[in-house]
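Visitor: Got a structure for you, coords-v6.tsv, holding TSV, C-alpha atoms (C1' of nucleotides).
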chain	number	residue	atom	x	y	z
A	144	MET	CA	0.00	0.00	0.00
A	145	ARG	CA	1.67	3.16	-1.21
A	146	LEU	CA	-0.18	6.27	-0.18
A	147	ARG	CA	1.18	8.28	-3.06
A	148	ASP	CA	-0.35	5.84	-5.55
A	149	TYR	CA	-3.65	5.53	-3.76
A	150	LEU	CA	-6.41	6.87	-5.96
A	151	PRO	CA	-8.57	8.58	-3.32
A	152	TYR	CA	-5.47	10.26	-1.94
A	153	ARG	CA	-4.35	11.42	-5.33
A	154	LEU	CA	-7.76	12.81	-6.11
A	155	SER	CA	-7.79	14.62	-2.82
A	156	VAL	CA	-4.39	16.19	-3.34
A	157	ALA	CA	-5.14	17.22	-6.90
A	158	SER	CA	-8.54	18.57	-5.99
A	159	ASN	CA	-7.32	20.52	-2.99
A	160	LYS	CA	-4.47	22.05	-4.89
A	161	ALA	CA	-6.67	23.04	-7.79
A	162	SER	CA	-9.44	24.37	-5.58
A	163	GLY	CA	-7.03	26.19	-3.33
A	164	LEU	CA	-5.34	27.86	-6.25
A	165	ILE	CA	-8.58	29.09	-7.71
A	166	ALA	CA	-10.16	29.92	-4.38
A	167	ARG	CA	-7.30	32.27	-3.62
A	168	ALA	CA	-7.96	34.06	-6.88
A	169	TYR	CA	-11.71	34.44	-6.22
A	170	GLN	CA	-11.05	35.56	-2.70
A	171	ALA	CA	-8.37	38.04	-3.57
A	172	ARG	CA	-10.12	39.63	-6.50
A	173	PHE	CA	-13.80	39.40	-5.64
A	174	GLY	CA	-14.04	38.44	-1.98
A	175	LEU	CA	-15.95	35.31	-2.90
A	176	THR	CA	-15.67	31.95	-1.21
A	177	ILE	CA	-15.72	28.83	-3.30
A	178	TRP	CA	-19.31	28.22	-2.30
A	179	GLU	CA	-20.44	31.68	-3.15
A	180	TRP	CA	-18.74	31.29	-6.48
A	181	ARG	CA	-20.49	28.00	-7.14
A	182	VAL	CA	-23.84	29.59	-6.46
A	183	ILE	CA	-23.04	32.44	-8.79
A	184	ALA	CA	-21.86	30.00	-11.43
A	185	VAL	CA	-25.13	28.08	-11.54
A	186	LEU	CA	-27.28	31.19	-11.33
A	187	GLY	CA	-25.19	32.65	-14.12
A	188	GLU	CA	-26.70	30.05	-16.41
A	189	GLY	CA	-29.76	32.26	-16.38
A	190	ALA	CA	-32.62	30.39	-14.80
A	191	PRO	CA	-33.58	31.29	-11.23
A	192	ARG	CA	-33.27	28.47	-8.76
A	193	THR	CA	-34.51	27.70	-5.31
A	194	ALA	CA	-31.94	26.97	-2.62
A	195	GLN	CA	-32.83	23.34	-3.11
A	196	GLY	CA	-32.18	23.66	-6.83
A	197	VAL	CA	-28.82	25.21	-6.06
A	198	CYS	CA	-28.00	22.28	-3.79
A	199	GLU	CA	-28.62	19.82	-6.57
A	200	ALA	CA	-26.68	21.80	-9.12
A	201	THR	CA	-23.65	22.42	-6.95
A	202	ALA	CA	-23.28	19.29	-4.81
A	203	MET	CA	-23.32	21.48	-1.74
A	204	ASP	CA	-25.39	20.71	1.29
A	205	LYS	CA	-28.32	22.88	2.18
A	206	VAL	CA	-26.71	24.59	5.13
A	207	THR	CA	-23.76	25.68	3.02
A	208	VAL	CA	-26.08	26.87	0.29
A	209	SER	CA	-28.22	28.78	2.75
A	210	ARG	CA	-25.18	30.60	4.10
A	211	ALA	CA	-23.76	31.33	0.69
A	212	ILE	CA	-27.04	32.74	-0.55
A	213	ARG	CA	-27.43	34.87	2.54
A	214	ALA	CA	-23.94	36.29	2.09
A	215	LEU	CA	-24.54	37.01	-1.58
A	216	ASP	CA	-27.88	38.59	-0.77
A	217	ALA	CA	-26.23	40.80	1.84
A	218	ARG	CA	-23.76	41.96	-0.80
A	219	GLY	CA	-26.52	42.59	-3.29
A	220	LEU	CA	-25.30	39.99	-5.75
A	221	VAL	CA	-28.45	37.89	-5.66
A	222	ARG	CA	-32.06	38.59	-4.92
A	223	ARG	CA	-34.64	36.26	-3.42
A	224	SER	CA	-38.29	36.35	-4.34
A	225	ALA	CA	-40.94	34.28	-2.63
A	226	ARG	CA	-42.72	31.79	-4.81
A	227	ASP	CA	-46.46	31.77	-4.65
A	228	ASP	CA	-46.77	28.13	-5.56
A	229	ASP	CA	-44.70	27.20	-2.49
A	230	ARG	CA	-44.19	29.77	0.17
A	231	ARG	CA	-41.46	27.79	1.90
A	232	ALA	CA	-39.17	28.33	-1.05
A	233	SER	CA	-37.77	31.38	-2.80
A	234	ASP	CA	-36.42	31.83	-6.25
A	235	VAL	CA	-32.89	33.13	-6.24
A	236	ARG	CA	-31.41	34.97	-9.17
A	237	LEU	CA	-28.46	37.22	-9.88
A	238	THR	CA	-28.87	40.96	-9.62
A	239	ALA	CA	-27.31	43.17	-12.26
A	240	GLU	CA	-24.31	43.49	-9.99
A	241	GLY	CA	-24.21	39.72	-9.61
A	242	GLU	CA	-24.29	39.36	-13.39
A	243	ALA	CA	-21.41	41.76	-13.64
A	244	ILE	CA	-19.36	39.72	-11.19
A	245	TYR	CA	-20.27	36.56	-13.05
A	246	ALA	CA	-19.16	38.13	-16.29
A	247	GLU	CA	-15.76	38.79	-14.76
A	248	VAL	CA	-15.27	35.65	-12.71
A	249	ALA	CA	-16.38	33.09	-15.27
A	250	PRO	CA	-13.63	33.91	-17.77
A	251	LEU	CA	-11.09	33.91	-14.97
A	252	ALA	CA	-12.28	30.48	-13.91
A	253	LEU	CA	-12.03	29.23	-17.45
A	254	ARG	CA	-8.53	30.58	-17.74
A	255	TYR	CA	-7.54	28.61	-14.69
A	256	GLU	CA	-9.04	25.48	-16.12
A	257	ALA	CA	-7.19	26.10	-19.35
A	258	ALA	CA	-3.96	26.54	-17.41
A	259	LEU	CA	-4.53	23.23	-15.65
A	260	LEU	CA	-5.09	21.49	-18.93
A	261	ASP	CA	-2.32	23.24	-20.76
A	262	GLY	CA	-0.27	20.56	-22.45
A	263	PHE	CA	-3.12	18.06	-22.57
A	264	THR	CA	-3.98	16.88	-26.04
A	265	PRO	CA	-7.63	16.88	-27.10
A	266	GLN	CA	-7.57	13.10	-26.69
A	267	GLU	CA	-6.26	13.39	-23.18
A	268	ARG	CA	-8.91	15.92	-22.27
A	269	ALA	CA	-11.61	13.66	-23.58
A	270	GLN	CA	-10.13	10.70	-21.72
A	271	LEU	CA	-9.99	12.62	-18.48
A	272	SER	CA	-13.56	13.69	-18.83
A	273	ALA	CA	-14.73	10.20	-19.66
A	274	LEU	CA	-12.81	8.71	-16.77
A	275	LEU	CA	-14.29	11.22	-14.37
A	276	ASP	CA	-17.73	10.34	-15.68
A	277	LYS	CA	-17.05	6.74	-14.97
A	278	LEU	CA	-15.69	7.47	-11.53
A	279	GLU	CA	-18.70	9.61	-10.70
A	280	ALA	CA	-20.98	6.82	-11.77
A	281	ARG	CA	-19.16	4.34	-9.52
A	282	LEU	CA	-19.28	6.78	-6.63
A	283	ALA	CA	-22.96	7.38	-7.09
A	284	GLY	CA	-23.47	3.67	-6.77
A	285	LEU	CA	-21.25	3.27	-3.72
A	286	SER	CA	-22.22	6.36	-1.76
A	287	PRO	CA	-24.89	6.00	0.89
A	288	ALA	CA	-26.71	9.18	-0.16
A	289	GLY	CA	-24.86	11.67	-2.24
A	290	ARG	CA	-23.74	14.49	-0.04
A	291	SER	CA	-20.46	16.21	-0.59
A	292	ALA	CA	-18.84	19.56	-0.14
B	45	MET	CA	-19.41	28.13	-18.31
B	46	ARG	CA	-21.12	25.01	-17.06
B	47	LEU	CA	-20.25	24.21	-13.48
B	48	ARG	CA	-20.92	20.54	-13.92
B	49	ASP	CA	-18.30	20.31	-16.65
B	50	TYR	CA	-15.75	22.43	-14.84
B	51	LEU	CA	-12.70	20.35	-14.09
B	52	PRO	CA	-11.83	21.70	-10.64
B	53	TYR	CA	-15.43	21.27	-9.60
B	54	ARG	CA	-15.57	17.74	-10.90
B	55	LEU	CA	-12.36	16.85	-9.12
B	56	SER	CA	-13.71	18.31	-5.93
B	57	VAL	CA	-16.96	16.40	-6.09
B	58	ALA	CA	-15.28	13.12	-6.96
B	59	SER	CA	-12.63	13.57	-4.32
B	60	ASN	CA	-15.06	14.52	-1.58
B	61	LYS	CA	-17.33	11.65	-2.34
B	62	ALA	CA	-14.52	9.14	-2.41
B	63	SER	CA	-12.86	10.51	0.70
B	64	GLY	CA	-16.12	10.74	2.57
B	65	LEU	CA	-17.03	7.20	1.74
B	66	ILE	CA	-13.72	5.85	2.95
B	67	ALA	CA	-13.46	8.19	5.90
B	68	ARG	CA	-16.75	6.87	7.22
B	69	ALA	CA	-15.36	3.37	7.08
B	70	TYR	CA	-12.14	4.27	8.93
B	71	GLN	CA	-14.07	6.20	11.50
B	72	ALA	CA	-16.69	3.57	12.09
B	73	ARG	CA	-14.34	0.62	12.31
B	74	PHE	CA	-11.15	2.04	13.76
B	75	GLY	CA	-11.96	5.47	15.09
B	76	LEU	CA	-9.41	7.01	12.76
B	77	THR	CA	-9.69	10.31	10.99
B	78	ILE	CA	-8.48	10.59	7.44
B	79	TRP	CA	-5.36	12.35	8.67
B	80	GLU	CA	-4.57	9.78	11.27
B	81	TRP	CA	-5.00	7.15	8.61
B	82	ARG	CA	-2.63	8.94	6.27
B	83	VAL	CA	0.04	9.07	8.94
B	84	ILE	CA	-0.40	5.38	9.64
B	85	ALA	CA	-0.25	4.63	5.95
B	86	VAL	CA	3.13	6.26	5.45
B	87	LEU	CA	4.58	4.91	8.66
B	88	GLY	CA	3.32	1.50	7.62
B	89	GLU	CA	5.90	1.57	4.86
B	90	GLY	CA	8.40	0.77	7.58
B	91	ALA	CA	10.83	3.64	7.89
B	92	PRO	CA	10.42	6.02	10.82
B	93	ARG	CA	9.76	9.61	9.86
B	94	THR	CA	9.88	12.96	11.53
B	95	ALA	CA	6.73	15.04	11.57
B	96	GLN	CA	8.28	17.03	8.79
B	97	GLY	CA	8.85	13.86	6.83
B	98	VAL	CA	5.24	12.92	7.36
B	99	CYS	CA	4.16	16.31	6.05
B	100	GLU	CA	6.05	15.77	2.85
B	101	ALA	CA	4.79	12.25	2.37
B	102	THR	CA	1.14	13.02	3.05
B	103	ALA	CA	0.60	16.49	1.63
B	104	MET	CA	-0.74	17.56	5.00
B	105	ASP	CA	0.31	20.75	6.72
B	106	LYS	CA	2.38	20.62	9.82
B	107	VAL	CA	-0.38	21.58	12.23
B	108	THR	CA	-2.58	18.77	10.98
B	109	VAL	CA	0.31	16.35	11.19
B	110	SER	CA	1.18	17.45	14.68
B	111	ARG	CA	-2.36	16.87	15.85
B	112	ALA	CA	-2.69	13.53	14.12
B	113	ILE	CA	0.56	12.27	15.60
B	114	ARG	CA	-0.43	13.42	19.05
B	115	ALA	CA	-3.76	11.61	18.80
B	116	LEU	CA	-2.09	8.44	17.56
B	117	ASP	CA	0.49	8.68	20.31
B	118	ALA	CA	-2.25	9.06	22.91
B	119	ARG	CA	-3.86	5.90	21.58
B	120	GLY	CA	-0.56	4.06	21.63
B	121	LEU	CA	-0.49	3.52	17.88
B	122	VAL	CA	2.75	5.42	17.31
B	123	ARG	CA	5.76	6.19	19.42
B	124	ARG	CA	8.04	9.21	19.24
B	125	SER	CA	11.72	9.10	19.99
B	126	ALA	CA	13.94	12.15	20.16
B	127	ARG	CA	16.73	12.28	17.63
B	128	ASP	CA	20.14	13.08	18.91
B	129	ASP	CA	21.34	14.64	15.69
B	130	ASP	CA	18.54	17.23	15.96
B	131	ARG	CA	16.74	17.59	19.22
B	132	ARG	CA	13.95	19.69	17.76
B	133	ALA	CA	12.72	16.68	15.82
B	134	SER	CA	11.51	13.22	16.79
B	135	ASP	CA	11.31	10.03	14.85
B	136	VAL	CA	7.83	8.65	14.73
B	137	ARG	CA	7.13	4.99	14.10
B	138	LEU	CA	4.25	2.58	14.51
B	139	THR	CA	3.97	0.55	17.69
B	140	ALA	CA	3.03	-3.11	17.49
B	141	GLU	CA	-0.55	-2.06	17.98
B	142	GLY	CA	-0.17	0.52	15.23
B	143	GLU	CA	1.19	-2.15	12.93
B	144	ALA	CA	-1.80	-4.32	13.74
B	145	ILE	CA	-4.18	-1.53	12.80
B	146	TYR	CA	-2.23	-0.87	9.63
B	147	ALA	CA	-2.47	-4.54	8.74
B	148	GLU	CA	-6.23	-4.33	9.00
B	149	VAL	CA	-6.86	-0.92	7.51
B	150	ALA	CA	-4.60	-1.16	4.50
B	151	PRO	CA	-6.49	-4.06	2.90
B	152	LEU	CA	-9.75	-2.31	3.61
B	153	ALA	CA	-8.45	0.80	1.90
B	154	LEU	CA	-7.35	-1.22	-1.08
B	155	ARG	CA	-10.73	-2.87	-1.30
B	156	TYR	CA	-12.34	0.54	-1.49
B	157	GLU	CA	-9.98	1.59	-4.22
B	158	ALA	CA	-10.77	-1.61	-6.09
B	159	ALA	CA	-14.47	-0.89	-5.71
B	160	LEU	CA	-13.98	2.57	-7.17
B	161	LEU	CA	-12.14	1.17	-10.11
B	162	ASP	CA	-14.41	-1.78	-10.63
B	163	GLY	CA	-15.35	-1.80	-14.28
B	164	PHE	CA	-12.24	0.08	-15.38
B	165	THR	CA	-10.12	-1.77	-17.87
B	166	PRO	CA	-6.37	-1.98	-17.27
B	167	GLN	CA	-5.96	0.60	-20.01
B	168	GLU	CA	-8.35	2.96	-18.33
B	169	ARG	CA	-6.58	2.56	-15.01
B	170	ALA	CA	-3.28	3.36	-16.62
B	171	GLN	CA	-4.78	6.35	-18.40
B	172	LEU	CA	-6.28	7.69	-15.20
B	173	SER	CA	-3.00	7.35	-13.40
B	174	ALA	CA	-1.07	9.02	-16.19
B	175	LEU	CA	-3.57	11.86	-16.42
B	176	LEU	CA	-3.36	12.45	-12.69
B	177	ASP	CA	0.42	12.53	-12.98
B	178	LYS	CA	0.14	15.15	-15.63
B	179	LEU	CA	-2.34	17.17	-13.63
B	180	GLU	CA	-0.15	17.01	-10.56
B	181	ALA	CA	2.78	18.23	-12.56
B	182	ARG	CA	0.76	21.17	-13.85
B	183	LEU	CA	-0.47	21.97	-10.37
B	184	ALA	CA	3.02	21.84	-8.96
B	185	GLY	CA	3.99	24.43	-11.52
B	186	LEU	CA	1.02	26.69	-10.90
B	187	SER	CA	0.75	26.53	-7.12
B	188	PRO	CA	2.45	29.27	-5.14
B	189	ALA	CA	4.00	26.83	-2.64
B	190	GLY	CA	2.62	23.38	-2.42
B	191	ARG	CA	0.36	23.20	0.58
B	192	SER	CA	-2.81	21.17	0.54
B	193	ALA	CA	-5.01	19.19	2.85
C	59	DG	C1'	-60.55	17.99	5.00
C	60	DC	C1'	-57.55	16.59	8.42
C	61	DA	C1'	-53.74	14.00	10.98
C	62	DG	C1'	-49.24	12.61	10.05
C	63	DA	C1'	-45.31	12.57	7.10
C	64	DA	C1'	-42.31	15.15	4.22
C	65	DT	C1'	-39.88	19.32	2.53
C	66	DA	C1'	-37.71	24.34	2.25
C	67	DG	C1'	-34.89	26.85	4.60
C	68	DT	C1'	-32.77	28.66	8.97
C	69	DA	C1'	-30.62	28.60	13.56
C	70	DT	C1'	-27.87	26.48	17.17
C	71	DC	C1'	-23.97	24.49	18.96
C	72	DA	C1'	-19.94	21.58	19.11
C	73	DT	C1'	-16.11	20.24	16.36
C	74	DT	C1'	-12.65	20.99	12.92
C	75	DT	C1'	-9.62	23.82	10.57
C	76	DG	C1'	-6.00	27.08	9.52
C	77	DC	C1'	-3.33	31.06	10.40
C	78	DA	C1'	-0.18	33.27	13.06
C	79	DA	C1'	2.48	33.52	16.97
C	80	DC	C1'	5.41	31.05	19.92
C	81	DT	C1'	9.45	28.01	22.05
C	82	DA	C1'	13.36	25.60	21.43
C	83	DA	C1'	17.07	23.94	18.76
C	84	DT	C1'	20.08	24.48	14.78
C	85	DT	C1'	22.37	26.73	10.96
C	86	DT	C1'	24.66	30.65	8.72
C	87	DC	C1'	28.27	33.59	8.08
C	88	DA	C1'	30.60	37.82	9.43
D	21	DT	C1'	32.38	33.04	18.50
D	22	DG	C1'	28.02	34.66	18.45
D	23	DA	C1'	23.98	37.49	16.55
D	24	DA	C1'	20.56	36.90	13.10
D	25	DA	C1'	18.00	33.88	10.44
D	26	DT	C1'	15.92	29.29	9.83
D	27	DT	C1'	13.63	25.14	11.09
D	28	DA	C1'	10.84	21.49	14.05
D	29	DG	C1'	7.02	21.23	16.32
D	30	DT	C1'	3.17	23.09	19.35
D	31	DT	C1'	-0.35	26.21	20.94
D	32	DG	C1'	-4.04	29.78	20.88
D	33	DC	C1'	-7.57	31.86	18.75
D	34	DA	C1'	-10.84	33.04	15.26
D	35	DA	C1'	-13.33	31.42	11.46
D	36	DA	C1'	-15.30	27.61	8.82
D	37	DT	C1'	-17.95	23.52	8.99
D	38	DG	C1'	-21.38	20.04	9.86
D	39	DA	C1'	-24.83	17.51	12.42
D	40	DT	C1'	-29.10	18.27	14.56
D	41	DA	C1'	-32.99	20.44	15.77
D	42	DC	C1'	-36.42	23.72	14.64
D	43	DT	C1'	-40.28	26.70	12.08
D	44	DA	C1'	-43.21	27.12	8.50
D	45	DT	C1'	-45.41	25.22	4.75
D	46	DT	C1'	-47.00	21.62	1.67
D	47	DC	C1'	-48.17	16.89	0.47
D	48	DT	C1'	-50.40	12.17	1.38
D	49	DG	C1'	-53.97	9.26	1.78
D	50	DC	C1'	-57.67	7.87	4.26
Show me the file's structure as structure tokens.
Guide:
Amino acid sequence: MRLRDYLPYRLSVASNKASGLIARAYQARFGLTIWEWRVIAVLGEGAPRTAQGVCEATAMDKVTVSRAIRALDARGLVRRSARDDDRRASDVRLTAEGEAIYAEVAPLALRYEAALLDGFTPQERAQLSALLDKLEARLAGLSPAGRSA
Amino acid sequence: MRLRDYLPYRLSVASNKASGLIARAYQARFGLTIWEWRVIAVLGEGAPRTAQGVCEATAMDKVTVSRAIRALDARGLVRRSARDDDRRASDVRLTAEGEAIYAEVAPLALRYEAALLDGFTPQERAQLSALLDKLEARLAGLSPAGRSA
DNA sequence: GCAGAATAGTATCATTTGCAACTAATTTCA
DNA sequence: TGAAATTAGTTGCAAATGATACTATTCTGC
């Protein structure tokens, strides 16, 4: 058993390094945590979402989502509007200011991804993506009930 | 920008799911945290290591290592012995009881890895490993100074 | 149409984490 | 030699995190 060859360990190291790198950039330039950024990223797709919808789209748990949305709301980057078909839930969407942040952060994020994949051939990129798909499928089968953070 | 296709996000989700799955098993059966397990895993290779050496081998920061070693020491799974060539540092090694735990946990860990990779062909396993190598190399180049957790 | 179960989201509290400061020992090099 | 800088490891404290419990609302099915 060699830790440095152990797949879950390697995933963890790679993921933490990548996330840490990018998180520092979000934090330094926009004062956003990774979770706030994830919320912005899914809302940036256009459609409003409930907190629950954000949970599903971001693989964050509901407490984390609740806090991220509250922080974004406090900064005026998102706006919540009660739904009349279900008054427990609210639709969350980006404000104009939130859109502006999204428009700046998204390209930055993509540049980081491009930097990570710099030197990967198109074949390698496709392989990596396919292998991650496969891994995700395995994990979905093995996990008790898909939480993550 | 689609979050669900974003590489750092995908790595994070896969890593957290895999780690969480395995962490639950360590915790439930042996009362070990992931960090304690990592320390045991590297010490299980045989050679004693200083805390610093453990840091390098596990990609953990020194505070985390210090705490993990202390907890393992308190449980009698590792033993520390002052070095006389440098009295700031101690060599840490597994006790007999630590070895016994290692002998039980390591196969369990490998079974989990095998479960993750169930359905992967040998080619796919090799590809995954090679792609992670490549990613790690990129990350080493991009990261300010390789910390992680 | 109503009692009980389920769900959206929030609040509480204990634990974990990480940074920065600290002690003690060692190295550097003038 | 010996003062300044560096390193090993620990500690303290503030912030992040997560499990659990809670409120309010909606669904179920009898």
Visitor: Chain B superposed on chain A over all ordered C-alpha pairs, least squares: can you write that as a compact mmCIF listing (two decimals) with C-alpha atoms, in the frame of the given file?
Guide:
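Saved file out.txt follows:
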# COMPACT_ATOMS: atom_id res chain seq x y z
CA MET B 45 -0.14 -0.07 0.02
CA ARG B 46 1.57 3.07 -1.18
CA LEU B 47 -0.26 6.20 -0.16
CA ARG B 48 1.12 8.19 -3.03
CA ASP B 49 -0.40 5.79 -5.53
CA TYR B 50 -3.71 5.50 -3.74
CA LEU B 51 -6.45 6.86 -5.95
CA PRO B 52 -8.60 8.59 -3.32
CA TYR B 53 -5.51 10.23 -1.92
CA ARG B 54 -4.36 11.39 -5.32
CA LEU B 55 -7.78 12.80 -6.10
CA SER B 56 -7.79 14.61 -2.81
CA VAL B 57 -4.40 16.17 -3.32
CA ALA B 58 -5.13 17.21 -6.88
CA SER B 59 -8.52 18.57 -5.98
CA ASN B 60 -7.30 20.52 -2.97
CA LYS B 61 -4.46 22.03 -4.87
CA ALA B 62 -6.64 23.05 -7.77
CA SER B 63 -9.42 24.37 -5.58
CA GLY B 64 -7.02 26.21 -3.33
CA LEU B 65 -5.31 27.86 -6.23
CA ILE B 66 -8.56 29.09 -7.71
CA ALA B 67 -10.14 29.92 -4.38
CA ARG B 68 -7.28 32.28 -3.63
CA ALA B 69 -7.95 34.07 -6.87
CA TYR B 70 -11.69 34.45 -6.23
CA GLN B 71 -11.05 35.59 -2.72
CA ALA B 72 -8.36 38.06 -3.59
CA ARG B 73 -10.12 39.65 -6.53
CA PHE B 74 -13.80 39.40 -5.69
CA GLY B 75 -14.05 38.49 -2.04
CA LEU B 76 -15.93 35.33 -2.93
CA THR B 77 -15.65 32.00 -1.23
CA ILE B 78 -15.68 28.87 -3.32
CA TRP B 79 -19.28 28.26 -2.30
CA GLU B 80 -20.43 31.71 -3.16
CA TRP B 81 -18.73 31.31 -6.49
CA ARG B 82 -20.48 28.02 -7.14
CA VAL B 83 -23.85 29.59 -6.47
CA ILE B 84 -23.05 32.45 -8.82
CA ALA B 85 -21.87 30.01 -11.43
CA VAL B 86 -25.13 28.09 -11.54
CA LEU B 87 -27.29 31.17 -11.33
CA GLY B 88 -25.21 32.63 -14.13
CA GLU B 89 -26.74 30.03 -16.40
CA GLY B 90 -29.81 32.23 -16.38
CA ALA B 91 -32.65 30.34 -14.77
CA PRO B 92 -33.61 31.24 -11.21
CA ARG B 93 -33.29 28.42 -8.72
CA THR B 94 -34.50 27.67 -5.26
CA ALA B 95 -31.93 26.95 -2.60
CA GLN B 96 -32.81 23.33 -3.05
CA GLY B 97 -32.18 23.63 -6.76
CA VAL B 98 -28.83 25.19 -6.02
CA CYS B 99 -27.97 22.29 -3.74
CA GLU B 100 -28.61 19.82 -6.50
CA ALA B 101 -26.69 21.79 -9.08
CA THR B 102 -23.64 22.43 -6.93
CA ALA B 103 -23.26 19.31 -4.82
CA MET B 104 -23.28 21.50 -1.74
CA ASP B 105 -25.34 20.73 1.32
CA LYS B 106 -28.25 22.90 2.22
CA VAL B 107 -26.62 24.63 5.16
CA THR B 108 -23.69 25.72 3.02
CA VAL B 109 -26.05 26.88 0.31
CA SER B 110 -28.17 28.79 2.76
CA ARG B 111 -25.15 30.62 4.10
CA ALA B 112 -23.72 31.36 0.68
CA ILE B 113 -27.02 32.75 -0.57
CA ARG B 114 -27.40 34.90 2.51
CA ALA B 115 -23.91 36.34 2.05
CA LEU B 116 -24.54 37.03 -1.62
CA ASP B 117 -27.87 38.61 -0.80
CA ALA B 118 -26.22 40.84 1.79
CA ARG B 119 -23.76 41.98 -0.85
CA GLY B 120 -26.54 42.61 -3.33
CA LEU B 121 -25.31 40.01 -5.80
CA VAL B 122 -28.46 37.89 -5.68
CA ARG B 123 -32.07 38.58 -4.93
CA ARG B 124 -34.65 36.25 -3.42
CA SER B 125 -38.30 36.31 -4.31
CA ALA B 126 -40.93 34.23 -2.57
CA ARG B 127 -42.74 31.74 -4.74
CA ASP B 128 -46.46 31.70 -4.54
CA ASP B 129 -46.80 28.06 -5.46
CA ASP B 130 -44.72 27.14 -2.38
CA ARG B 131 -44.15 29.75 0.24
CA ARG B 132 -41.43 27.79 1.99
CA ALA B 133 -39.16 28.30 -0.99
CA SER B 134 -37.76 31.35 -2.76
CA ASP B 135 -36.42 31.81 -6.22
CA VAL B 136 -32.90 33.11 -6.22
CA ARG B 137 -31.43 34.95 -9.17
CA LEU B 138 -28.48 37.19 -9.89
CA THR B 139 -28.90 40.94 -9.66
CA ALA B 140 -27.35 43.16 -12.31
CA GLU B 141 -24.35 43.48 -10.06
CA GLY B 142 -24.25 39.71 -9.66
CA GLU B 143 -24.33 39.32 -13.41
CA ALA B 144 -21.44 41.75 -13.69
CA ILE B 145 -19.38 39.71 -11.25
CA TYR B 146 -20.29 36.52 -13.08
CA ALA B 147 -19.16 38.10 -16.33
CA GLU B 148 -15.78 38.77 -14.80
CA VAL B 149 -15.28 35.65 -12.75
CA ALA B 150 -16.38 33.09 -15.29
CA PRO B 151 -13.62 33.90 -17.79
CA LEU B 152 -11.10 33.92 -14.99
CA ALA B 153 -12.28 30.49 -13.91
CA LEU B 154 -12.01 29.22 -17.45
CA ARG B 155 -8.51 30.59 -17.75
CA TYR B 156 -7.52 28.63 -14.67
CA GLU B 157 -9.02 25.49 -16.10
CA ALA B 158 -7.14 26.10 -19.33
CA ALA B 159 -3.94 26.56 -17.36
CA LEU B 160 -4.50 23.24 -15.62
CA LEU B 161 -5.03 21.51 -18.89
CA ASP B 162 -2.26 23.25 -20.72
CA GLY B 163 -0.20 20.58 -22.39
CA PHE B 164 -3.06 18.08 -22.54
CA THR B 165 -3.92 16.92 -26.01
CA PRO B 166 -7.57 16.92 -27.07
CA GLN B 167 -7.50 13.15 -26.68
CA GLU B 168 -6.21 13.41 -23.16
CA ARG B 169 -8.87 15.96 -22.26
CA ALA B 170 -11.56 13.69 -23.58
CA GLN B 171 -10.09 10.73 -21.73
CA LEU B 172 -9.95 12.65 -18.48
CA SER B 173 -13.53 13.73 -18.84
CA ALA B 174 -14.70 10.24 -19.67
CA LEU B 175 -12.78 8.73 -16.78
CA LEU B 176 -14.27 11.25 -14.38
CA ASP B 177 -17.72 10.37 -15.71
CA LYS B 178 -17.04 6.76 -15.00
CA LEU B 179 -15.71 7.49 -11.55
CA GLU B 180 -18.72 9.62 -10.74
CA ALA B 181 -21.01 6.86 -11.82
CA ARG B 182 -19.20 4.39 -9.57
CA LEU B 183 -19.31 6.81 -6.67
CA ALA B 184 -23.00 7.43 -7.16
CA GLY B 185 -23.51 3.71 -6.84
CA LEU B 186 -21.32 3.30 -3.78
CA SER B 187 -22.26 6.38 -1.78
CA PRO B 188 -24.94 5.99 0.86
CA ALA B 189 -26.78 9.17 -0.20
CA GLY B 190 -24.99 11.65 -2.31
CA ARG B 191 -23.82 14.46 -0.09
CA SER B 192 -20.52 16.17 -0.66
CA ALA B 193 -18.88 19.52 -0.24
Visitor: Kindly extract all protein, DNA and RNA residues lying within 12 Å of the coordinates (-51.7, 10.3, -1.2) given in the file, considering only C-alpha atoms (C1' of nucleotides), and supply them as a ChimeraX atom specification.
Guide: /C:62-64 /D:47-50
Visitor: Restrict the calculation to only C-alpha atoms (C1' of nucleotides), then for each residue of chain C with any atom at most 8 Å from an atom of chain B give the closest atom pair and their distance in Å to one decimal, rows by chain and rising residue number, as JSON lines.
Guide:
{"residue": "C:DA82", "atom": "C1'", "partner": "B:Arg132", "partner_atom": "CA", "distance": 7.0}
{"residue": "C:DA83", "atom": "C1'", "partner": "B:Arg132", "partner_atom": "CA", "distance": 5.4}
{"residue": "C:DT84", "atom": "C1'", "partner": "B:Asp130", "partner_atom": "CA", "distance": 7.5}
Visitor: Excluding DA24 (chain D) and its own-chain neighbours fewer than 3 positions away, which residues fall within 12 Å of it when counting only C-alpha atoms (C1' of nucleotides)? Please give them as a PyMOL selection string.
Guide: chain C and resi 85-88
Visitor: Would you output that residue set with C-alpha atoms (C1' of nucleotides), as a tab-separated table (two decimals), keeping the file's coordinate frame?
Guide:
chain	number	residue	atom	x	y	z
C	85	DT	C1'	22.37	26.73	10.96
C	86	DT	C1'	24.66	30.65	8.72
C	87	DC	C1'	28.27	33.59	8.08
C	88	DA	C1'	30.60	37.82	9.43
Visitor: Distance cut-off 10 Å, counting all atoms listed in the file - which residues of chain D neighbour chain B? Return them as a ChimeraX atom specification.
Guide: /D:27-31
Visitor: Taking only C-alpha atoms into account and nothing else, which residues of chain B lie no more than 6 Å away from chain A? Please answer as a tab-separated table (two decimals) with C-alpha atoms, in the frame of the given file.
Guide:
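Output below, filename selection30.tsv:
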chain	number	residue	atom	x	y	z
B	55	LEU	CA	-12.36	16.85	-9.12
B	56	SER	CA	-13.71	18.31	-5.93
B	59	SER	CA	-12.63	13.57	-4.32
B	60	ASN	CA	-15.06	14.52	-1.58
B	61	LYS	CA	-17.33	11.65	-2.34
B	160	LEU	CA	-13.98	2.57	-7.17
B	182	ARG	CA	0.76	21.17	-13.85
B	192	SER	CA	-2.81	21.17	0.54
